[in-house]
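J.: So that you have it, the file is protein35.cif, and it contains mmCIF, C-alpha atoms:
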data_my_file
loop_
_atom_site.label_atom_id
_atom_site.label_comp_id
_atom_site.auth_asym_id
_atom_site.auth_seq_id
_atom_site.Cartn_x
_atom_site.Cartn_y
_atom_site.Cartn_z
CA MET A 702 -64.89 -12.74 -171.91
CA GLN A 703 -65.84 -9.96 -174.27
CA VAL A 704 -68.76 -10.62 -176.58
CA THR A 705 -68.01 -8.98 -179.90
CA GLY A 706 -71.18 -10.03 -181.63
CA PHE A 707 -73.21 -12.87 -183.08
CA GLN A 708 -76.14 -13.56 -185.36
CA THR A 709 -79.24 -15.66 -185.01
CA LYS A 710 -81.90 -16.54 -187.55
CA ARG A 711 -83.50 -13.06 -187.28
CA LEU A 712 -81.12 -10.96 -185.20
CA THR A 713 -77.74 -9.29 -185.46
CA VAL A 714 -76.22 -8.60 -182.06
CA GLN A 715 -73.10 -6.45 -181.89
CA ASN A 716 -71.19 -4.39 -179.38
CA TRP A 717 -72.27 -0.78 -179.63
CA SER A 718 -68.74 0.62 -179.18
CA SER A 719 -68.33 1.39 -182.90
CA ASP A 720 -71.62 3.32 -182.78
CA LEU A 721 -70.46 5.31 -179.76
CA ASP A 722 -67.11 6.20 -181.31
CA ASP A 723 -68.66 7.85 -184.39
CA PRO A 724 -70.64 11.07 -183.66
CA ALA A 725 -73.12 10.49 -186.50
CA LYS A 726 -73.74 6.86 -185.49
CA ARG A 727 -74.06 7.87 -181.84
CA ALA A 728 -76.70 10.47 -182.74
CA ALA A 729 -78.55 7.83 -184.79
CA LEU A 730 -78.38 5.45 -181.81
CA VAL A 731 -79.84 8.08 -179.49
CA PHE A 732 -82.64 8.71 -182.00
CA ALA A 733 -83.31 4.95 -182.41
CA LEU A 734 -83.43 4.32 -178.65
CA MET A 735 -85.83 7.17 -177.83
CA PRO A 736 -88.97 5.16 -178.73
CA ILE A 737 -87.51 1.98 -177.17
CA LEU A 738 -86.58 3.28 -173.70
CA THR A 739 -90.18 3.78 -172.63
CA PRO A 740 -91.55 3.45 -169.08
CA ALA A 741 -93.17 0.13 -170.01
CA VAL A 742 -89.86 -1.27 -171.29
CA LEU A 743 -87.84 0.00 -168.34
CA ARG A 744 -90.46 -0.87 -165.71
CA HIS A 745 -88.87 -4.17 -164.64
CA LEU A 746 -85.28 -2.91 -164.60
CA PRO A 747 -83.37 -1.81 -161.49
CA GLU A 748 -83.33 1.86 -160.51
CA PRO A 749 -79.89 2.62 -162.02
CA LEU A 750 -81.24 1.56 -165.43
CA GLN A 751 -84.24 3.88 -165.31
CA LEU A 752 -84.28 6.83 -167.68
CA PRO A 753 -83.93 10.15 -165.86
CA ASP A 754 -86.29 13.00 -166.63
CA ALA A 755 -83.72 15.32 -168.21
CA PRO A 756 -83.16 17.13 -171.52
CA HIS A 757 -80.42 14.74 -172.69
CA ALA A 758 -81.75 11.68 -170.87
CA VAL A 759 -81.15 9.07 -173.58
CA SER A 760 -77.64 10.34 -174.33
CA ASP A 761 -76.80 10.37 -170.61
CA TRP A 762 -78.32 6.90 -170.19
CA ILE A 763 -76.12 5.59 -173.02
CA ALA A 764 -73.01 7.14 -171.46
CA ASP A 765 -73.82 5.58 -168.08
CA ARG A 766 -74.35 2.11 -169.58
CA ALA A 767 -71.13 2.39 -171.62
CA GLU A 768 -69.13 3.12 -168.44
CA GLU A 769 -70.43 0.15 -166.46
CA SER A 770 -71.08 -2.70 -168.92
CA ASP A 771 -70.63 -4.17 -172.34
CA VAL A 772 -73.74 -3.27 -174.28
CA MET A 773 -74.89 -4.92 -177.46
CA THR A 774 -77.43 -3.59 -179.94
CA ILE A 775 -80.09 -6.06 -181.02
CA ARG A 776 -81.06 -5.44 -184.63
CA ALA A 777 -83.56 -7.10 -186.94
CA MET A 778 -81.76 -8.74 -189.84
CA SER A 779 -84.68 -7.89 -192.11
CA ASP A 780 -84.24 -4.09 -191.95
CA ASN A 781 -81.34 -3.45 -189.51
CA ALA A 782 -83.74 -1.64 -187.14
CA ILE A 783 -82.73 -1.59 -183.48
CA LEU A 784 -85.12 -3.75 -181.49
CA GLY A 785 -83.37 -3.39 -178.14
CA LEU A 786 -80.20 -3.85 -176.13
CA MET A 787 -78.40 -6.62 -174.27
CA ILE A 788 -76.35 -5.52 -171.27
CA LEU A 789 -73.49 -7.72 -170.05
CA ALA A 790 -71.49 -7.07 -166.89
CA VAL A 791 -68.49 -9.41 -166.83
CA PHE A 792 -66.77 -10.32 -163.57
CA PRO A 793 -63.67 -12.41 -164.33
CA ALA A 794 -62.50 -14.90 -161.73
CA PRO A 795 -58.99 -16.41 -161.74
CA ASP A 796 -59.90 -19.84 -160.35
CA ALA A 797 -63.51 -20.18 -161.44
CA PRO A 798 -65.70 -19.50 -164.45
CA SER A 799 -66.19 -15.81 -165.23
CA THR A 800 -69.54 -14.54 -164.01
CA VAL A 801 -71.60 -12.57 -166.51
CA HIS A 802 -74.67 -10.69 -165.30
CA LEU A 803 -76.95 -10.31 -168.27
CA GLY A 804 -79.92 -8.16 -168.94
CA TYR A 805 -81.82 -7.27 -172.03
CA LEU A 806 -84.54 -4.93 -173.06
CA LEU A 807 -86.67 -5.03 -176.15
CA GLY A 808 -88.87 -2.25 -177.46
CA GLU A 809 -92.58 -2.80 -177.18
CA ARG A 810 -92.94 -3.47 -180.91
CA ALA A 811 -90.64 -6.49 -180.48
CA TRP A 812 -92.57 -8.07 -177.61
CA GLY A 813 -94.25 -11.44 -178.04
CA LYS A 814 -92.30 -12.43 -181.15
CA GLY A 815 -89.76 -14.80 -179.61
CA TYR A 816 -86.83 -12.39 -179.92
CA ALA A 817 -85.77 -12.72 -176.26
CA THR A 818 -85.59 -16.51 -176.46
CA GLU A 819 -83.70 -16.28 -179.75
CA LEU A 820 -81.32 -13.68 -178.28
CA LEU A 821 -80.40 -15.90 -175.33
CA GLU A 822 -80.06 -18.97 -177.57
CA GLY A 823 -77.59 -16.97 -179.69
CA LEU A 824 -75.64 -15.76 -176.66
CA ILE A 825 -75.41 -19.27 -175.23
CA SER A 826 -74.26 -20.66 -178.57
CA TRP A 827 -71.61 -17.93 -178.84
CA VAL A 828 -70.36 -18.64 -175.30
CA GLN A 829 -70.23 -22.39 -176.00
CA ASP A 830 -68.12 -21.71 -179.12
CA GLN A 831 -65.56 -19.88 -176.96
CA ALA A 832 -64.86 -23.09 -174.98
CA THR A 833 -64.26 -21.03 -171.82
CA PRO A 834 -66.36 -21.74 -168.72
CA VAL A 835 -68.83 -18.98 -167.93
CA MET A 836 -71.61 -18.58 -165.38
CA LEU A 837 -74.50 -16.50 -166.73
CA LEU A 838 -76.73 -14.79 -164.16
CA GLY A 839 -79.99 -13.03 -164.84
CA GLY A 840 -82.22 -11.31 -162.32
CA VAL A 841 -85.95 -11.07 -162.97
CA GLU A 842 -88.64 -9.15 -161.12
CA ARG A 843 -91.42 -11.51 -160.06
CA ASP A 844 -94.02 -9.39 -161.84
CA ASN A 845 -92.22 -10.14 -165.13
CA PRO A 846 -92.97 -13.84 -165.66
CA ALA A 847 -92.28 -13.65 -169.41
CA SER A 848 -88.58 -12.97 -168.78
CA ALA A 849 -88.39 -15.77 -166.22
CA LYS A 850 -89.91 -18.12 -168.78
CA VAL A 851 -87.29 -17.09 -171.38
CA LEU A 852 -84.48 -17.91 -168.95
CA LEU A 853 -85.99 -21.27 -168.01
CA LYS A 854 -86.49 -22.16 -171.69
CA ASN A 855 -82.79 -21.48 -172.20
CA GLY A 856 -81.62 -23.84 -169.48
CA PHE A 857 -81.29 -21.44 -166.55
CA SER A 858 -82.23 -22.56 -163.07
CA ILE A 859 -83.45 -20.46 -160.19
CA LEU A 860 -81.11 -19.65 -157.29
CA PRO A 861 -83.41 -19.35 -154.26
CA GLU A 862 -80.53 -18.21 -152.04
CA LEU A 863 -80.17 -15.03 -154.14
CA ALA A 864 -83.87 -14.18 -154.25
CA THR A 865 -85.18 -10.95 -152.80
CA GLU A 866 -88.72 -9.99 -151.81
CA THR A 867 -89.44 -8.85 -155.36
CA SER A 868 -87.02 -10.69 -157.66
CA ASP A 869 -85.43 -14.03 -158.44
CA MET A 870 -81.96 -14.80 -159.75
CA TYR A 871 -81.36 -17.41 -162.45
CA ARG A 872 -78.10 -19.13 -163.41
CA ARG A 873 -76.71 -21.15 -166.27
CA VAL A 874 -73.16 -22.50 -166.24
CA ILE A 875 -71.59 -23.13 -169.62
#
If you took the structure in this file and wrote it as structure tokens, what would it be?

T.:
Amino acid sequence: MQVTGFQTKRLTVQNWSSDLDDPAKRAALVFALMPILTPAVLRHLPEPLQLPDAPHAVSDWIADRAEESDVMTIRAMSDNAILGLMILAVFPAPDAPSTVHLGYLLGERAWGKGYATELLEGLISWVQDQATPVMLLGGVERDNPASAKVLLKNGFSILPELATETSDMYRRVI
């Protein structure tokens, strides 16, 4: 499963590969992500997704994400501004539904406006339209109850057997 893109009522979500292939668009992406990839935004993400303290940190962060996952930009339809990113790591399985680990991050200016719920509703709708079974997994740090609530609102259920001391794993099979 490769998500190419989808739209919701307020969001345009598209794979960032075309932005990465064009030097001018890549530079614009780096510039747009600088105010989004803040410590507060990255706080609940695993260590590999933290921004290093380096001169080209955002550019290096983008390169690392591009190597390991499918990454989608989340843009406001109203002005095409980047609000955040959705990160999808797809693990195909020959005799079972593909497993997709999903993560998302939204800049602080986008918090509390329902964008995360809308984003997941759009992803789920897109997956359902593909008519291919998929298991979506999302991990959430326990000190981030807002993200857990978004997953639960979108039909995910908790997997206690995959919990750690600090995080819970949620699943939705489509």

J.: Using all atoms listed in the file, can you list as a list in words the residues within 10 Å of (-89.2, -4.3, -175.7)?

T.: Pro736, Ile737, Leu738, Thr739, Ala741, Val742, Leu743, Leu784, Gly785, Leu786, Tyr805, Leu806, Leu807, Gly808, Glu809, Arg810, Ala811, Trp812, Gly813, Tyr816 and Ala817 of chain A

J.: Using all atoms listed in the file, find the one residue out of A:Met778, A:Ile763, A:Ala755, A:Ala790 that sits nearest to Leu721 (chain A).

T.: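 Ranked by minimum distance to Leu721 (chain A), first place goes to A:Ile763.
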
J.: Evaluate the PyMOL selection byres ((chain A and resi 711) around 6) here and jot the selected residues down as a VMD selection string.

T.: chain A and resid 709 to 710 712 777 to 778

J.: From the options A:Ile859, A:Leu837, A:Ala847, A:Ile775, which residue's atoms come nearest to Val791 (chain A), counting all atoms listed in the file?

T.: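 Going through A:Ile859, A:Leu837, A:Ala847, A:Ile775 one by one, the smallest distance to Val791 (chain A) is for A:Leu837.
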
J.: To verify the selection step, state as a list of chain:residue names which residues the PyMOL selection byres ((chain A and resi 828) around 12) yields on this input.

T.: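 Selection result, ordered by chain and number: A:Met702, A:Gln703, A:Val704, A:Thr705, A:Gly706, A:Phe707, A:Pro798, A:Ser799, A:Val801, A:Leu821, A:Glu822, A:Gly823, A:Leu824, A:Ile825, A:Ser826, A:Trp827, A:Gln829, A:Asp830, A:Gln831, A:Ala832, A:Thr833, A:Pro834, A:Val835, A:Met836, A:Leu837, A:Arg873, A:Val874, A:Ile875.
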
J.: Here's the selection I'm unsure about, the PyMOL selection byres ((chain A and resi 841-843) around 9); applied to the file above, which residues does it give, as number ranges by chain?

T.: A: 745-746, 804, 839-840, 844-846, 848-849, 866-871

J.: Export C-alpha atoms of the chosen residues as a PDB file, keeping the file's coordinate frame?

T.:
ATOM      1  CA  HIS A 745     -88.870  -4.170-164.640  1.00  0.00           C
ATOM      2  CA  LEU A 746     -85.280  -2.910-164.600  1.00  0.00           C
ATOM      3  CA  GLY A 804     -79.920  -8.160-168.940  1.00  0.00           C
ATOM      4  CA  GLY A 839     -79.990 -13.030-164.840  1.00  0.00           C
ATOM      5  CA  GLY A 840     -82.220 -11.310-162.320  1.00  0.00           C
ATOM      6  CA  ASP A 844     -94.020  -9.390-161.840  1.00  0.00           C
ATOM      7  CA  ASN A 845     -92.220 -10.140-165.130  1.00  0.00           C
ATOM      8  CA  PRO A 846     -92.970 -13.840-165.660  1.00  0.00           C
ATOM      9  CA  SER A 848     -88.580 -12.970-168.780  1.00  0.00           C
ATOM     10  CA  ALA A 849     -88.390 -15.770-166.220  1.00  0.00           C
ATOM     11  CA  GLU A 866     -88.720  -9.990-151.810  1.00  0.00           C
ATOM     12  CA  THR A 867     -89.440  -8.850-155.360  1.00  0.00           C
ATOM     13  CA  SER A 868     -87.020 -10.690-157.660  1.00  0.00           C
ATOM     14  CA  ASP A 869     -85.430 -14.030-158.440  1.00  0.00           C
ATOM     15  CA  MET A 870     -81.960 -14.800-159.750  1.00  0.00           C
ATOM     16  CA  TYR A 871     -81.360 -17.410-162.450  1.00  0.00           C
TER      17      TYR A 871
END

J.: May I ask for the distance between CA of Val772 (chain A) and CA of Glu862 (chain A), given in Å to one decimal place?

T.: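 Between CA of Val772 (chain A) and CA of Glu862 (chain A) the gap is 27.6 Å.
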
J.: Which neighbours of region 765-767 of chain A fall inside 9 Å, counting all atoms listed in the file, when residues of the same chain fewer than 3 positions from it are skipped, and could you give them as an MDAnalysis selection string?

T.: chainID A and resid 717:718 721 750 760:762 770:772 788

J.: Those residues you just picked out, can you put them in a file as a short mmCIF file (atom, residue, chain, number, x, y, z; two decimals), in the coordinates of the input with C-alpha atoms?

T.:
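Final output, saved to again38.cif:
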data_model
loop_
_atom_site.label_atom_id
_atom_site.label_comp_id
_atom_site.auth_asym_id
_atom_site.auth_seq_id
_atom_site.Cartn_x
_atom_site.Cartn_y
_atom_site.Cartn_z
CA TRP A 717 -72.27 -0.78 -179.63
CA SER A 718 -68.74 0.62 -179.18
CA LEU A 721 -70.46 5.31 -179.76
CA LEU A 750 -81.24 1.56 -165.43
CA SER A 760 -77.64 10.34 -174.33
CA ASP A 761 -76.80 10.37 -170.61
CA TRP A 762 -78.32 6.90 -170.19
CA SER A 770 -71.08 -2.70 -168.92
CA ASP A 771 -70.63 -4.17 -172.34
CA VAL A 772 -73.74 -3.27 -174.28
CA ILE A 788 -76.35 -5.52 -171.27
#

J.: Using all heavy atoms, give me region 809-825 of chain A from the structure I just pasted, as a compact mmCIF listing (two decimals), in the first residue's frame.

T.:
# COMPACT_ATOMS: atom_id res chain seq x y z
N GLU A 809 2.41 23.68 16.33
CA GLU A 809 1.66 24.19 17.47
C GLU A 809 0.48 25.07 17.06
O GLU A 809 -0.56 25.06 17.71
CB GLU A 809 2.59 24.95 18.42
CG GLU A 809 3.60 24.05 19.09
CD GLU A 809 4.60 24.79 19.93
OE1 GLU A 809 4.20 25.33 21.00
OE2 GLU A 809 5.78 24.86 19.53
N ARG A 810 0.62 25.81 15.97
CA ARG A 810 -0.49 26.68 15.55
C ARG A 810 -1.69 25.88 15.07
O ARG A 810 -2.80 26.41 14.96
CB ARG A 810 -0.05 27.68 14.49
CG ARG A 810 0.15 27.09 13.12
CD ARG A 810 0.58 28.16 12.11
NE ARG A 810 0.42 27.63 10.77
CZ ARG A 810 -0.42 28.11 9.87
NH1 ARG A 810 -1.15 29.16 10.15
NH2 ARG A 810 -0.51 27.55 8.69
N ALA A 811 -1.51 24.59 14.80
CA ALA A 811 -2.60 23.74 14.32
C ALA A 811 -3.24 22.92 15.44
O ALA A 811 -4.21 22.21 15.20
CB ALA A 811 -2.07 22.80 13.23
N TRP A 812 -2.72 23.03 16.65
CA TRP A 812 -3.25 22.24 17.75
C TRP A 812 -4.64 22.71 18.16
O TRP A 812 -4.96 23.90 18.09
CB TRP A 812 -2.33 22.34 18.97
CG TRP A 812 -1.01 21.64 18.81
CD1 TRP A 812 -0.58 20.92 17.74
CD2 TRP A 812 0.06 21.62 19.75
NE1 TRP A 812 0.68 20.44 17.95
CE2 TRP A 812 1.11 20.86 19.19
CE3 TRP A 812 0.24 22.16 21.01
CZ2 TRP A 812 2.30 20.63 19.85
CZ3 TRP A 812 1.43 21.94 21.67
CH2 TRP A 812 2.45 21.18 21.09
N GLY A 813 -5.46 21.77 18.60
CA GLY A 813 -6.77 22.09 19.16
C GLY A 813 -7.81 22.51 18.15
O GLY A 813 -8.85 23.03 18.52
N LYS A 814 -7.58 22.24 16.87
CA LYS A 814 -8.52 22.66 15.83
C LYS A 814 -9.18 21.47 15.11
O LYS A 814 -9.85 21.65 14.12
CB LYS A 814 -7.82 23.55 14.82
CG LYS A 814 -7.31 24.84 15.47
CD LYS A 814 -6.61 25.73 14.50
CE LYS A 814 -6.15 26.99 15.24
NZ LYS A 814 -5.32 27.84 14.41
N GLY A 815 -8.94 20.27 15.62
CA GLY A 815 -9.56 19.09 15.03
C GLY A 815 -8.86 18.54 13.81
O GLY A 815 -9.37 17.62 13.16
N TYR A 816 -7.68 19.07 13.48
CA TYR A 816 -6.98 18.60 12.28
C TYR A 816 -6.53 17.14 12.40
O TYR A 816 -6.58 16.39 11.42
CB TYR A 816 -5.75 19.47 11.99
CG TYR A 816 -6.06 20.85 11.51
CD1 TYR A 816 -5.46 21.96 12.10
CD2 TYR A 816 -6.91 21.08 10.44
CE1 TYR A 816 -5.72 23.25 11.66
CE2 TYR A 816 -7.18 22.36 9.98
CZ TYR A 816 -6.58 23.44 10.61
OH TYR A 816 -6.83 24.71 10.15
N ALA A 817 -6.09 16.71 13.57
CA ALA A 817 -5.62 15.33 13.73
C ALA A 817 -6.76 14.34 13.49
O ALA A 817 -6.59 13.34 12.77
CB ALA A 817 -5.00 15.13 15.11
N THR A 818 -7.92 14.61 14.07
CA THR A 818 -9.07 13.74 13.85
C THR A 818 -9.45 13.72 12.38
O THR A 818 -9.69 12.66 11.79
CB THR A 818 -10.26 14.22 14.71
OG1 THR A 818 -9.89 14.10 16.09
CG2 THR A 818 -11.51 13.39 14.44
N GLU A 819 -9.48 14.88 11.76
CA GLU A 819 -9.81 14.98 10.34
C GLU A 819 -8.78 14.25 9.47
O GLU A 819 -9.13 13.57 8.50
CB GLU A 819 -9.89 16.46 9.95
CG GLU A 819 -10.37 16.71 8.54
CD GLU A 819 -10.58 18.18 8.26
OE1 GLU A 819 -10.90 18.96 9.18
OE2 GLU A 819 -10.42 18.56 7.08
N LEU A 820 -7.52 14.36 9.82
CA LEU A 820 -6.45 13.67 9.10
C LEU A 820 -6.67 12.17 9.12
O LEU A 820 -6.62 11.50 8.08
CB LEU A 820 -5.09 14.02 9.71
CG LEU A 820 -3.89 13.25 9.19
CD1 LEU A 820 -3.58 13.65 7.75
CD2 LEU A 820 -2.69 13.47 10.09
N LEU A 821 -6.92 11.61 10.30
CA LEU A 821 -7.11 10.16 10.41
C LEU A 821 -8.40 9.72 9.74
O LEU A 821 -8.43 8.65 9.12
CB LEU A 821 -7.05 9.72 11.86
CG LEU A 821 -5.66 9.79 12.49
CD1 LEU A 821 -5.67 9.19 13.88
CD2 LEU A 821 -4.62 9.11 11.64
N GLU A 822 -9.45 10.53 9.82
CA GLU A 822 -10.68 10.20 9.09
C GLU A 822 -10.40 10.11 7.59
O GLU A 822 -10.87 9.19 6.92
CB GLU A 822 -11.76 11.25 9.35
CG GLU A 822 -12.36 11.21 10.73
CD GLU A 822 -13.24 12.41 11.03
OE1 GLU A 822 -13.30 13.37 10.22
OE2 GLU A 822 -13.89 12.40 12.10
N GLY A 823 -9.61 11.04 7.08
CA GLY A 823 -9.26 11.04 5.65
C GLY A 823 -8.42 9.84 5.27
O GLY A 823 -8.64 9.22 4.22
N LEU A 824 -7.44 9.49 6.12
CA LEU A 824 -6.61 8.32 5.85
C LEU A 824 -7.45 7.05 5.84
O LEU A 824 -7.34 6.22 4.92
CB LEU A 824 -5.49 8.20 6.89
CG LEU A 824 -4.64 6.93 6.79
CD1 LEU A 824 -3.86 6.89 5.48
CD2 LEU A 824 -3.70 6.83 7.99
N ILE A 825 -8.30 6.90 6.83
CA ILE A 825 -9.15 5.71 6.91
C ILE A 825 -10.07 5.62 5.70
O ILE A 825 -10.23 4.55 5.10
CB ILE A 825 -9.94 5.71 8.24
CG1 ILE A 825 -8.97 5.46 9.40
CG2 ILE A 825 -11.07 4.69 8.22
CD1 ILE A 825 -9.53 5.79 10.77
